[in-house]
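Enquirer: For reference, this is structure14.cif, and it has mmCIF, C-alpha atoms.
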```
data_upload
loop_
_atom_site.label_atom_id
_atom_site.label_comp_id
_atom_site.auth_asym_id
_atom_site.auth_seq_id
_atom_site.Cartn_x
_atom_site.Cartn_y
_atom_site.Cartn_z
CA MET G 1 195.09 268.05 2.76
CA LYS G 2 198.62 267.80 4.17
CA ALA G 3 201.43 266.25 2.15
CA LEU G 4 205.23 266.08 2.05
CA VAL G 5 206.29 268.24 -0.91
CA PHE G 6 209.69 268.17 -2.60
CA GLN G 7 210.84 271.76 -3.11
CA GLY G 8 214.24 271.13 -4.67
CA PRO G 9 217.46 269.34 -3.67
CA GLY G 10 217.74 269.26 0.11
CA GLN G 11 214.33 270.86 0.68
CA THR G 12 210.95 269.38 1.63
CA ALA G 13 207.94 270.63 3.59
CA TRP G 14 204.84 269.07 5.20
CA GLN G 15 202.30 271.54 3.89
CA ASP G 16 198.78 272.12 2.63
CA VAL G 17 198.12 271.02 -0.96
CA PRO G 18 194.89 270.56 -2.95
CA ASP G 19 192.98 267.33 -2.40
CA PRO G 20 193.45 264.86 -5.27
CA GLY G 21 190.49 263.98 -7.47
CA ILE G 22 189.62 261.63 -10.31
CA LYS G 23 191.34 262.71 -13.53
CA ASP G 24 190.95 259.58 -15.66
CA ALA G 25 188.27 256.91 -15.68
CA GLY G 26 190.71 254.28 -14.35
CA ASP G 27 191.76 256.31 -11.29
CA ALA G 28 191.07 255.68 -7.63
CA VAL G 29 191.52 258.07 -4.71
CA VAL G 30 192.83 256.40 -1.57
CA ARG G 31 192.78 257.75 1.98
CA VAL G 32 196.23 256.89 3.34
CA ASP G 33 196.24 254.84 6.55
CA ALA G 34 199.88 253.70 6.53
CA VAL G 35 202.87 254.96 4.60
CA THR G 36 206.61 254.49 4.73
CA ILE G 37 209.83 256.03 3.45
CA CYS G 38 212.15 254.41 0.92
CA GLY G 39 215.85 254.94 0.36
CA THR G 40 214.87 256.14 -3.11
CA ASP G 41 213.09 259.08 -1.46
CA LEU G 42 216.41 260.09 0.09
CA HIS G 43 218.05 259.88 -3.35
CA ILE G 44 215.33 262.20 -4.71
CA ILE G 45 215.90 264.75 -1.96
CA LYS G 46 219.65 264.64 -2.62
CA GLY G 47 218.96 265.50 -6.27
CA ASP G 48 219.90 262.08 -7.68
CA VAL G 49 216.56 261.74 -9.56
CA PRO G 50 216.26 264.93 -11.63
CA GLU G 51 212.92 263.88 -13.18
CA VAL G 52 211.24 264.74 -9.86
CA GLY G 53 210.33 268.40 -10.05
CA PRO G 54 209.73 270.89 -7.25
CA GLY G 55 206.14 270.76 -6.03
CA THR G 56 205.87 266.96 -6.28
CA VAL G 57 204.38 265.06 -3.35
CA LEU G 58 206.86 262.31 -2.47
CA GLY G 59 206.25 258.64 -1.67
CA HIS G 60 205.34 255.47 -3.55
CA GLU G 61 204.28 253.01 -0.82
CA ALA G 62 200.99 253.04 1.09
CA VAL G 63 198.03 251.17 2.52
CA GLY G 64 194.66 252.85 2.73
CA GLU G 65 190.95 252.89 1.97
CA ILE G 66 189.35 253.58 -1.39
CA VAL G 67 187.20 256.71 -1.17
CA GLU G 68 186.44 257.33 -4.85
CA VAL G 69 186.86 255.49 -8.15
CA GLY G 70 186.60 256.41 -11.81
CA SER G 71 183.88 255.05 -14.07
CA ASP G 72 186.11 252.33 -15.61
CA VAL G 73 187.31 250.81 -12.32
CA ARG G 74 185.90 247.32 -11.76
CA THR G 75 187.98 245.48 -9.15
CA VAL G 76 187.74 247.83 -6.15
CA ARG G 77 185.12 250.17 -4.75
CA PRO G 78 184.84 252.80 -2.01
CA GLY G 79 185.37 251.28 1.41
CA ASP G 80 187.86 248.64 0.24
CA ARG G 81 191.12 248.43 2.15
CA VAL G 82 193.99 248.20 -0.35
CA LEU G 83 197.71 248.07 -0.85
CA VAL G 84 198.98 250.80 -3.19
CA SER G 85 201.77 249.35 -5.34
CA CYS G 86 204.88 251.41 -6.02
CA ILE G 87 204.39 250.59 -9.73
CA ALA G 88 201.34 251.46 -11.83
CA SER G 89 200.41 249.40 -14.88
CA CYS G 90 198.34 250.38 -17.89
CA GLY G 91 197.93 246.67 -18.70
CA ARG G 92 197.87 247.29 -22.45
CA CYS G 93 201.34 248.20 -23.70
CA GLY G 94 203.88 245.63 -24.86
CA PHE G 95 205.86 245.75 -21.63
CA CYS G 96 202.79 245.29 -19.43
CA ARG G 97 201.75 242.29 -21.52
CA GLU G 98 205.13 240.77 -20.59
CA ASN G 99 204.58 241.54 -16.86
CA ARG G 100 207.32 244.19 -17.08
CA TYR G 101 205.15 246.82 -15.45
CA GLY G 102 208.13 248.91 -14.34
CA GLN G 103 208.79 249.70 -18.02
CA CYS G 104 205.14 250.56 -18.84
CA ARG G 105 204.82 252.88 -21.85
CA GLY G 106 201.12 253.59 -21.39
CA GLY G 107 201.41 256.09 -18.55
CA GLY G 108 202.34 253.69 -15.76
CA GLY G 109 205.61 252.42 -14.32
CA TRP G 110 207.14 254.24 -11.39
CA VAL G 111 205.03 257.39 -11.45
CA LEU G 112 203.91 257.90 -7.83
CA GLY G 113 206.23 260.32 -6.09
CA HIS G 114 208.25 260.53 -9.28
CA LEU G 115 206.25 261.87 -12.21
CA ILE G 116 202.96 262.50 -10.35
CA ASP G 117 202.08 263.22 -6.74
CA GLY G 118 202.80 260.33 -4.41
CA THR G 119 201.63 258.65 -1.24
CA GLN G 120 203.23 260.65 1.60
CA ALA G 121 199.99 262.54 2.07
CA GLU G 122 196.55 262.20 3.58
CA TYR G 123 195.08 261.18 0.20
CA VAL G 124 196.59 259.95 -3.07
CA ARG G 125 195.29 259.52 -6.61
CA VAL G 126 196.31 256.15 -8.03
CA PRO G 127 196.12 255.69 -11.83
CA PHE G 128 195.12 252.36 -13.44
CA ALA G 129 193.56 251.28 -10.14
CA ASP G 130 192.40 247.86 -11.37
CA LEU G 131 196.03 246.75 -11.74
CA SER G 132 197.81 249.12 -9.35
CA VAL G 133 196.05 248.51 -6.03
CA HIS G 134 195.51 245.17 -4.30
CA PRO G 135 192.58 244.42 -1.96
CA LEU G 136 193.88 243.30 1.43
CA PRO G 137 192.66 240.31 3.45
CA SER G 138 191.84 241.03 7.08
CA ALA G 139 194.65 238.66 8.13
CA VAL G 140 197.28 241.14 6.91
CA THR G 141 197.83 244.25 9.03
CA SER G 142 198.46 247.62 7.45
CA GLU G 143 201.99 247.66 8.89
CA ASP G 144 202.78 244.28 7.32
CA ALA G 145 201.09 245.13 4.04
CA VAL G 146 203.01 248.35 3.44
CA LEU G 147 206.21 246.28 3.22
CA LEU G 148 204.73 244.64 0.11
CA ALA G 149 204.35 247.92 -1.75
CA ASP G 150 208.04 248.02 -2.67
CA ILE G 151 210.75 246.37 -0.58
CA PHE G 152 209.62 242.75 -0.72
CA PRO G 153 208.82 242.72 -4.47
CA THR G 154 212.04 244.62 -5.17
CA GLY G 155 214.27 242.32 -3.14
CA TYR G 156 212.56 239.25 -4.59
CA GLU G 157 212.32 240.23 -8.26
CA VAL G 158 215.36 242.45 -8.84
CA GLY G 159 217.62 240.65 -6.38
CA VAL G 160 216.67 236.99 -5.95
CA LEU G 161 215.01 236.23 -9.30
CA ASN G 162 217.30 238.36 -11.47
CA GLY G 163 220.27 236.88 -9.61
CA ARG G 164 218.92 233.36 -10.25
CA VAL G 165 219.44 232.11 -6.72
CA ARG G 166 219.40 228.29 -6.68
CA PRO G 167 219.55 225.59 -4.01
CA GLY G 168 223.01 225.30 -2.52
CA ASP G 169 224.25 228.68 -3.80
CA THR G 170 226.48 231.00 -1.85
CA VAL G 171 224.64 234.32 -1.90
CA VAL G 172 226.18 237.63 -0.82
CA VAL G 173 223.88 240.59 -0.11
CA VAL G 174 225.75 243.89 0.05
CA GLY G 175 223.62 246.31 2.04
CA ALA G 176 221.47 245.21 4.98
CA GLY G 177 218.92 247.98 4.91
CA PRO G 178 215.22 247.21 4.31
CA ILE G 179 215.73 246.10 0.69
CA GLY G 180 218.72 243.94 1.66
CA LEU G 181 216.76 242.36 4.51
CA ALA G 182 213.83 241.62 2.20
CA THR G 183 216.31 240.07 -0.23
CA ILE G 184 217.74 237.86 2.52
CA ALA G 185 214.24 236.78 3.55
CA THR G 186 213.07 235.87 0.04
CA ALA G 187 216.38 234.27 -1.00
CA GLN G 188 215.70 231.61 1.62
CA LEU G 189 212.69 230.45 -0.43
CA TYR G 190 215.26 228.87 -2.79
CA SER G 191 217.35 227.04 -0.15
CA PRO G 192 220.76 228.62 -0.81
CA GLY G 193 223.72 226.95 0.86
CA ARG G 194 224.64 230.12 2.74
CA ILE G 195 223.78 233.80 2.78
CA ILE G 196 226.44 236.38 3.66
CA ALA G 197 225.34 239.93 4.54
CA VAL G 198 227.71 242.88 4.16
CA ASP G 199 227.14 246.32 5.68
CA LEU G 200 228.95 249.10 7.51
CA ALA G 201 226.53 249.24 10.47
CA GLU G 202 226.65 246.57 13.15
CA SER G 203 222.98 247.15 13.95
CA ARG G 204 222.05 246.23 10.39
CA LEU G 205 224.30 243.19 10.39
CA GLU G 206 222.54 242.09 13.57
CA ALA G 207 219.20 242.52 11.80
CA ALA G 208 220.54 240.49 8.87
CA ARG G 209 221.47 237.63 11.19
CA ALA G 210 218.00 237.75 12.72
CA MET G 211 216.52 237.64 9.20
CA GLY G 212 218.45 234.48 8.38
CA ALA G 213 221.93 235.46 7.16
CA ASP G 214 224.43 232.70 7.95
CA ALA G 215 227.45 235.03 8.12
CA THR G 216 228.05 238.78 8.18
CA ALA G 217 230.95 241.04 7.31
CA ASP G 218 231.81 244.69 7.83
CA ALA G 219 231.94 246.36 4.42
CA ALA G 220 235.02 248.31 5.48
CA GLU G 221 236.99 245.22 6.49
CA ALA G 222 237.61 243.32 3.24
CA PRO G 223 234.51 241.09 3.03
CA GLU G 224 236.08 239.62 -0.11
CA GLN G 225 238.40 237.63 2.14
CA LEU G 226 235.50 236.10 4.05
CA VAL G 227 233.83 235.11 0.77
CA ASP G 228 237.09 233.58 -0.46
CA ASP G 229 237.50 231.62 2.77
CA LEU G 230 233.94 230.27 2.65
CA THR G 231 234.11 229.30 -1.04
CA ASP G 232 237.66 227.92 -1.20
CA GLY G 233 238.72 230.93 -3.23
CA LEU G 234 236.05 230.49 -5.91
CA GLY G 235 233.71 233.39 -5.08
CA ALA G 236 229.97 233.67 -4.55
CA ASP G 237 227.42 232.25 -6.98
CA VAL G 238 225.19 235.31 -6.61
CA VAL G 239 226.10 238.78 -5.33
CA ILE G 240 223.29 241.29 -4.83
CA GLU G 241 224.00 245.03 -4.56
CA ALA G 242 221.42 246.75 -2.32
CA VAL G 243 223.14 250.03 -1.48
CA GLY G 244 223.40 252.24 -4.56
CA VAL G 245 226.94 253.59 -4.26
CA PRO G 246 229.85 252.93 -6.66
CA GLU G 247 232.05 251.29 -4.01
CA ALA G 248 229.37 248.72 -3.20
CA PHE G 249 228.83 247.77 -6.85
CA GLU G 250 232.56 247.42 -7.49
CA GLN G 251 232.88 245.32 -4.34
CA CYS G 252 230.17 243.01 -5.67
CA THR G 253 232.06 242.40 -8.91
CA ARG G 254 235.13 241.40 -6.92
CA MET G 255 233.23 238.78 -4.92
CA VAL G 256 231.40 236.94 -7.70
CA ARG G 257 232.71 233.64 -9.05
CA PRO G 258 233.34 232.87 -12.73
CA GLY G 259 229.95 232.16 -14.30
CA GLY G 260 228.17 233.86 -11.40
CA HIS G 261 225.55 236.59 -11.24
CA VAL G 262 225.68 240.16 -9.95
CA ALA G 263 222.19 241.61 -9.44
CA ASN G 264 222.14 245.36 -8.93
CA VAL G 265 219.16 246.56 -6.89
CA GLY G 266 220.48 249.85 -5.48
CA VAL G 267 219.56 253.25 -6.92
CA HIS G 268 222.76 254.88 -8.15
CA GLY G 269 223.25 258.62 -8.34
CA LYS G 270 226.87 258.51 -9.47
CA PRO G 271 228.80 256.49 -12.09
CA ALA G 272 230.33 253.19 -11.04
CA VAL G 273 233.40 251.71 -12.67
CA LEU G 274 232.84 248.46 -14.54
CA HIS G 275 236.17 246.66 -14.44
CA LEU G 276 235.96 244.80 -17.74
CA GLU G 277 239.71 244.25 -17.65
CA ASP G 278 238.97 241.72 -14.88
CA LEU G 279 235.45 240.62 -15.77
CA TRP G 280 235.62 240.01 -19.53
CA ILE G 281 237.03 236.54 -19.05
CA LYS G 282 234.81 235.44 -16.14
CA ASP G 283 231.46 234.84 -17.90
CA VAL G 284 229.74 237.01 -15.30
CA THR G 285 226.12 238.07 -15.78
CA ILE G 286 225.23 241.54 -14.47
CA THR G 287 221.58 242.56 -14.22
CA THR G 288 219.90 245.82 -13.36
CA GLY G 289 216.24 246.56 -12.96
CA LEU G 290 213.32 248.51 -11.63
CA VAL G 291 210.83 246.35 -9.79
CA ASP G 292 207.80 245.27 -11.84
CA THR G 293 205.65 244.13 -8.86
CA TYR G 294 204.23 241.18 -10.79
CA SER G 295 205.03 239.10 -7.70
CA THR G 296 202.93 241.21 -5.33
CA PRO G 297 199.84 238.93 -5.36
CA LEU G 298 202.07 235.91 -4.61
CA LEU G 299 203.89 237.71 -1.82
CA LEU G 300 200.58 238.92 -0.40
CA ARG G 301 199.31 235.35 -0.21
CA MET G 302 202.53 234.30 1.48
CA MET G 303 202.26 237.15 3.97
CA ALA G 304 198.67 236.18 4.78
CA GLY G 305 199.82 232.59 5.30
CA GLY G 306 202.64 233.56 7.65
CA LYS G 307 205.39 232.58 5.19
CA LEU G 308 207.10 235.98 5.17
CA PRO G 309 208.57 237.89 8.11
CA ALA G 310 206.15 240.25 9.84
CA ALA G 311 206.79 243.97 9.97
CA SER G 312 208.08 243.65 13.52
CA ALA G 313 211.22 242.04 12.07
CA MET G 314 212.32 245.25 10.36
CA VAL G 315 210.07 248.17 11.39
CA THR G 316 212.08 250.01 14.03
CA HIS G 317 210.18 253.31 14.30
CA ARG G 318 206.47 254.19 14.24
CA PHE G 319 205.01 257.70 13.95
CA GLU G 320 201.82 259.60 13.26
CA LEU G 321 201.35 260.78 9.69
CA GLY G 322 201.83 264.41 10.68
CA GLN G 323 205.35 263.68 11.94
CA MET G 324 206.66 263.23 8.40
CA GLU G 325 209.53 265.72 8.64
CA GLU G 326 210.72 264.21 11.94
CA VAL G 327 210.60 260.74 10.39
CA TYR G 328 212.80 261.79 7.47
CA ASP G 329 215.39 263.07 9.91
CA VAL G 330 215.36 259.75 11.79
CA PHE G 331 215.53 257.71 8.57
CA ALA G 332 218.27 259.82 7.00
CA ARG G 333 220.46 259.37 10.10
CA ALA G 334 219.99 255.60 10.22
CA SER G 335 223.58 254.96 11.26
CA ARG G 336 222.91 256.91 14.45
CA THR G 337 219.23 256.19 15.05
CA GLY G 338 219.30 252.50 14.11
CA ALA G 339 216.35 253.02 11.77
CA LEU G 340 215.53 250.25 9.32
CA LYS G 341 211.96 250.63 8.10
CA VAL G 342 209.78 253.41 9.48
CA VAL G 343 205.97 253.40 9.30
CA LEU G 344 203.61 256.32 9.72
CA GLY G 345 199.97 255.79 10.60
CA ALA G 346 199.25 252.06 10.44
CA PRO G 347 195.97 251.76 12.36
CA THR G 348 195.02 248.27 13.50
CA HIS G 349 192.21 246.33 11.81
CA ASP G 350 191.26 243.79 14.42
CA GLU G 351 187.52 244.34 14.34
CA VAL G 352 185.15 243.23 11.62
CA SER G 353 181.79 244.95 11.13
CA VAL G 354 179.00 243.03 9.42
CA VAL G 355 176.31 245.02 7.68
CA GLY G 356 173.00 243.16 7.38
#
```
Could you show the structure in this file as structure tokens?

Expert:
Amino acid sequence: MKALVFQGPGQTAWQDVPDPGIKDAGDAVVRVDAVTICGTDLHIIKGDVPEVGPGTVLGHEAVGEIVEVGSDVRTVRPGDRVLVSCIASCGRCGFCRENRYGQCRGGGGWVLGHLIDGTQAEYVRVPFADLSVHPLPSAVTSEDAVLLADIFPTGYEVGVLNGRVRPGDTVVVVGAGPIGLATIATAQLYSPGRIIAVDLAESRLEAARAMGADATADAAEAPEQLVDDLTDGLGADVVIEAVGVPEAFEQCTRMVRPGGHVANVGVHGKPAVLHLEDLWIKDVTITTGLVDTYSTPLLLRMMAGGKLPAASAMVTHRFELGQMEEVYDVFARASRTGALKVVLGAPTHDEVSVVG
């Protein structure tokens, strides 16, 4: 099969690799119908995630069809259309029993495109299939569903829930890329008083306004002043970092009010300064986290019911699967191309066949 293979910092290739097969009794092999690229993939290519070794197939988000399952798999079977979660769960370790699947110690967690071959390929082996893939209702398109593999659970769990967004809160989201937009969308489930989006790109700020942000600010033009003006100098109740650079994190800590929350979502490849000389007295709570995806079934039901934005709200570019290298170039130059979320493949499923 063809797959996008990481060959070392700054180097990838769309090349032939062996087809995946069943290795463990809980595995499933999925034919990939739709796949996307995450900002984390760019961090890997830059060398920010040294655990990813040369020869690894990248990617951790996909929708596809089950083609083979191991002998222990009970919840899906060949022919089922499924969402492949970015997080695998053994279901048995202490962390999985607490729904903290991202910290799985039984061989799961973030493994796809990280510790084992990932989804940016024609086929992918998914471990612990009973808990790591989700059957899809016909009402949810592949293009919509692939947004639930990572960005919506991440924005919701690591941003909104960790940040403890409450009714009436002033919420600042720093970074209006796909994760930031998903955070803005799911924050509205808790009726905040206002949402302020901060980014360097006007195209992304425009997307944030379309997603429901009440105000926007250029990250290079002292957004702290806007937050001060809107909160009478108090600061925001919740500030969510969705970029992954030191400047963004430090900016978040300057905008939070005493007793407020800073929820870090971004993947950081460099150290950020924690200004305890300013924060020690402010009773600020700072959270970090890898998504656990325990909310995926809930978000999937909401997507099927039309309660979450469709892919058309943030998917800006669509390609064939074989255009993977071209897509990475478009996604990596988002400031010039205007790319938000890109999807490869994504066939439609608007016909239902009934077998007598």

Enquirer: Identify which of the residues G:Thr337, G:Val30, G:Cys90, G:Val17 lies closest to Thr119 in chain G, counting only C-alpha atoms when measuring atom-to-atom distances.

Expert: G:Val30

Enquirer: Since I can't run it myself right now, could you work out what the PyMOL selection byres ((chain G and resi 191-208) around 6) selects here and report it as a list of chain:residue names?

Expert: G:Pro167, G:Gly168, G:Asp169, G:Thr170, G:Val171, G:Val172, G:Val173, G:Val174, G:Gly175, G:Ala176, G:Gln188, G:Leu189, G:Tyr190, G:Arg209, G:Ala210, G:Met211, G:Ala213, G:Asp214, G:Ala215, G:Thr216, G:Ala217, G:Asp218, G:Ala219

Enquirer: Compile the contact shell of range 60-68 of chain G as a list in words: residues with an atom at most 6 Å away, counting all atoms listed in the file, same-chain residues fewer than 2 positions apart removed.

Expert: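 My list of contacting residues is Ala28, Val29, Val30, Arg31, Val32, Asp33, Ala34, Val35, Pro78, Gly79, Asp80, Arg81, Val82, Leu83, Val84, Cys86, Leu112, Gly113, Gly118, Thr119, Val146 and Ala149 of chain G.
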
Enquirer: Quick check on the file I pasted: which residues fall under the PyMOL selection byres ((chain G and resi 292) around 6)? Write them as a compact mmCIF listing (two decimals) with C-alpha atoms, in the coordinates of the input.

Expert:
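Saved as result-v4.txt:
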```
# COMPACT_ATOMS: atom_id res chain seq x y z
CA ARG G 100 207.32 244.19 -17.08
CA TYR G 101 205.15 246.82 -15.45
CA GLY G 102 208.13 248.91 -14.34
CA VAL G 291 210.83 246.35 -9.79
CA THR G 293 205.65 244.13 -8.86
CA TYR G 294 204.23 241.18 -10.79
```

Enquirer: Please evaluate the PyMOL selection byres ((chain G and resi 129) around 9) against the displayed coordinates and give the resulting residues as a CSV table (one decimal) with C-alpha atoms, in the coordinates of the input.

Expert:
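And here is the file that came out, result_32.csv:
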```
chain,number,residue,atom,x,y,z
G,26,GLY,CA,190.7,254.3,-14.4
G,27,ASP,CA,191.8,256.3,-11.3
G,28,ALA,CA,191.1,255.7,-7.6
G,29,VAL,CA,191.5,258.1,-4.7
G,69,VAL,CA,186.9,255.5,-8.2
G,70,GLY,CA,186.6,256.4,-11.8
G,73,VAL,CA,187.3,250.8,-12.3
G,74,ARG,CA,185.9,247.3,-11.8
G,75,THR,CA,188.0,245.5,-9.2
G,76,VAL,CA,187.7,247.8,-6.2
G,84,VAL,CA,199.0,250.8,-3.2
G,88,ALA,CA,201.3,251.5,-11.8
G,89,SER,CA,200.4,249.4,-14.9
G,126,VAL,CA,196.3,256.2,-8.0
G,127,PRO,CA,196.1,255.7,-11.8
G,128,PHE,CA,195.1,252.4,-13.4
G,130,ASP,CA,192.4,247.9,-11.4
G,131,LEU,CA,196.0,246.8,-11.7
G,132,SER,CA,197.8,249.1,-9.4
G,133,VAL,CA,196.0,248.5,-6.0
G,134,HIS,CA,195.5,245.2,-4.3
```

Enquirer: What's around Leu234 in chain G at 12 Å? Count all atoms listed in the file, leave out sequence neighbours fewer than 5 positions away in its own chain, and write the answer as a short mmCIF file (atom, residue, chain, number, x, y, z; two decimals) with C-alpha atoms, keeping the file's coordinate frame.

Expert:
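Output saved as result-v8.cif:
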```cif
data_model
loop_
_atom_site.label_atom_id
_atom_site.label_comp_id
_atom_site.auth_asym_id
_atom_site.auth_seq_id
_atom_site.Cartn_x
_atom_site.Cartn_y
_atom_site.Cartn_z
CA THR G 170 226.48 231.00 -1.85
CA GLU G 224 236.08 239.62 -0.11
CA GLN G 225 238.40 237.63 2.14
CA LEU G 226 235.50 236.10 4.05
CA VAL G 227 233.83 235.11 0.77
CA ASP G 228 237.09 233.58 -0.46
CA ASP G 229 237.50 231.62 2.77
CA ARG G 254 235.13 241.40 -6.92
CA MET G 255 233.23 238.78 -4.92
CA VAL G 256 231.40 236.94 -7.70
CA ARG G 257 232.71 233.64 -9.05
CA PRO G 258 233.34 232.87 -12.73
CA GLY G 259 229.95 232.16 -14.30
CA GLY G 260 228.17 233.86 -11.40
CA LYS G 282 234.81 235.44 -16.14
#
```

Enquirer: Of the candidates G:Gly345, G:Gly266, G:Gly212, G:Gly47, which shows the shortest atom-to-atom distance to Ala313 in chain G, using all atoms listed in the file?

Expert: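 With all atoms listed in the file as the atom set, the closest residue is G:Gly212.
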
Enquirer: Of the candidates G:Leu230, G:Val342, G:Leu300, G:Ala311, which one gets nearest to Gln323 in chain G if we count all atoms listed in the file?

Expert: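 Nearest to Gln323 in chain G: G:Val342.
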
Enquirer: Considering all atoms listed in the file, state which residue in the set G:Val343, G:Met303, G:Asp283, G:Gly244 is at the smallest distance from Glu320 in chain G.

Expert: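 Looking only at the distances to Glu320 in chain G, the closest residue turns out to be G:Val343.
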
Enquirer: Using CA of Glu51 in chain G and CA of Val267 in chain G as the two end points, give the distance in Å to one decimal.

Expert: 14.0 Å

Enquirer: What's the separation between CA of Thr154 in chain G and CA of Lys2 in chain G, in Å to one decimal place?

Expert: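 One can read the CA of Thr154 in chain G to CA of Lys2 in chain G distance as 28.4 Å.
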
Enquirer: From the list G:Pro223, G:Gly269, G:Pro135, G:Gly289, which residue is nearest Val160 in chain G when using only C-alpha atoms?

Expert: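 Distance minimum relative to Val160 in chain G lands on G:Gly289.
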
Enquirer: Record the distance separating CA of Pro271 in chain G and CA of Ala187 in chain G, expressed in Å with one decimal.

Expert: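 Atom-to-atom, CA of Pro271 in chain G and CA of Ala187 in chain G are spaced 27.8 Å apart.
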
Enquirer: Mind completing range 259-273 of chain G with N, CA and C atoms? Output as a short mmCIF file (atom, residue, chain, number, x, y, z; two decimals), in the coordinates of the input, please?

Expert:
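Final output, result.cif:
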```
data_model
loop_
_atom_site.label_atom_id
_atom_site.label_comp_id
_atom_site.auth_asym_id
_atom_site.auth_seq_id
_atom_site.Cartn_x
_atom_site.Cartn_y
_atom_site.Cartn_z
N GLY G 259 231.25 232.72 -13.97
CA GLY G 259 229.95 232.16 -14.30
C GLY G 259 228.85 232.57 -13.35
N GLY G 260 229.15 233.44 -12.39
CA GLY G 260 228.17 233.86 -11.40
C GLY G 260 227.33 235.04 -11.86
N HIS G 261 226.47 235.50 -10.94
CA HIS G 261 225.55 236.59 -11.24
C HIS G 261 225.73 237.73 -10.25
N VAL G 262 225.74 238.96 -10.76
CA VAL G 262 225.68 240.16 -9.95
C VAL G 262 224.35 240.84 -10.27
N ALA G 263 223.49 240.96 -9.26
CA ALA G 263 222.19 241.61 -9.44
C ALA G 263 222.21 242.95 -8.74
N ASN G 264 222.14 244.02 -9.51
CA ASN G 264 222.14 245.36 -8.93
C ASN G 264 220.71 245.78 -8.61
N VAL G 265 220.47 246.09 -7.34
CA VAL G 265 219.16 246.56 -6.89
C VAL G 265 219.22 248.03 -6.50
N GLY G 266 220.36 248.50 -6.00
CA GLY G 266 220.48 249.85 -5.48
C GLY G 266 220.26 250.93 -6.53
N VAL G 267 219.76 252.08 -6.07
CA VAL G 267 219.56 253.25 -6.92
C VAL G 267 220.85 254.07 -6.91
N HIS G 268 221.47 254.21 -8.06
CA HIS G 268 222.76 254.88 -8.15
C HIS G 268 222.62 256.31 -8.64
N GLY G 269 223.25 257.23 -7.93
CA GLY G 269 223.25 258.62 -8.34
C GLY G 269 224.56 259.07 -8.94
N LYS G 270 225.56 258.18 -8.91
CA LYS G 270 226.87 258.51 -9.47
C LYS G 270 227.36 257.34 -10.32
N PRO G 271 228.27 257.58 -11.26
CA PRO G 271 228.80 256.49 -12.09
C PRO G 271 229.60 255.50 -11.26
N ALA G 272 229.51 254.25 -11.63
CA ALA G 272 230.33 253.19 -11.04
C ALA G 272 231.25 252.63 -12.12
N VAL G 273 232.43 252.26 -11.72
CA VAL G 273 233.40 251.71 -12.67
C VAL G 273 233.09 250.24 -12.92
#
```
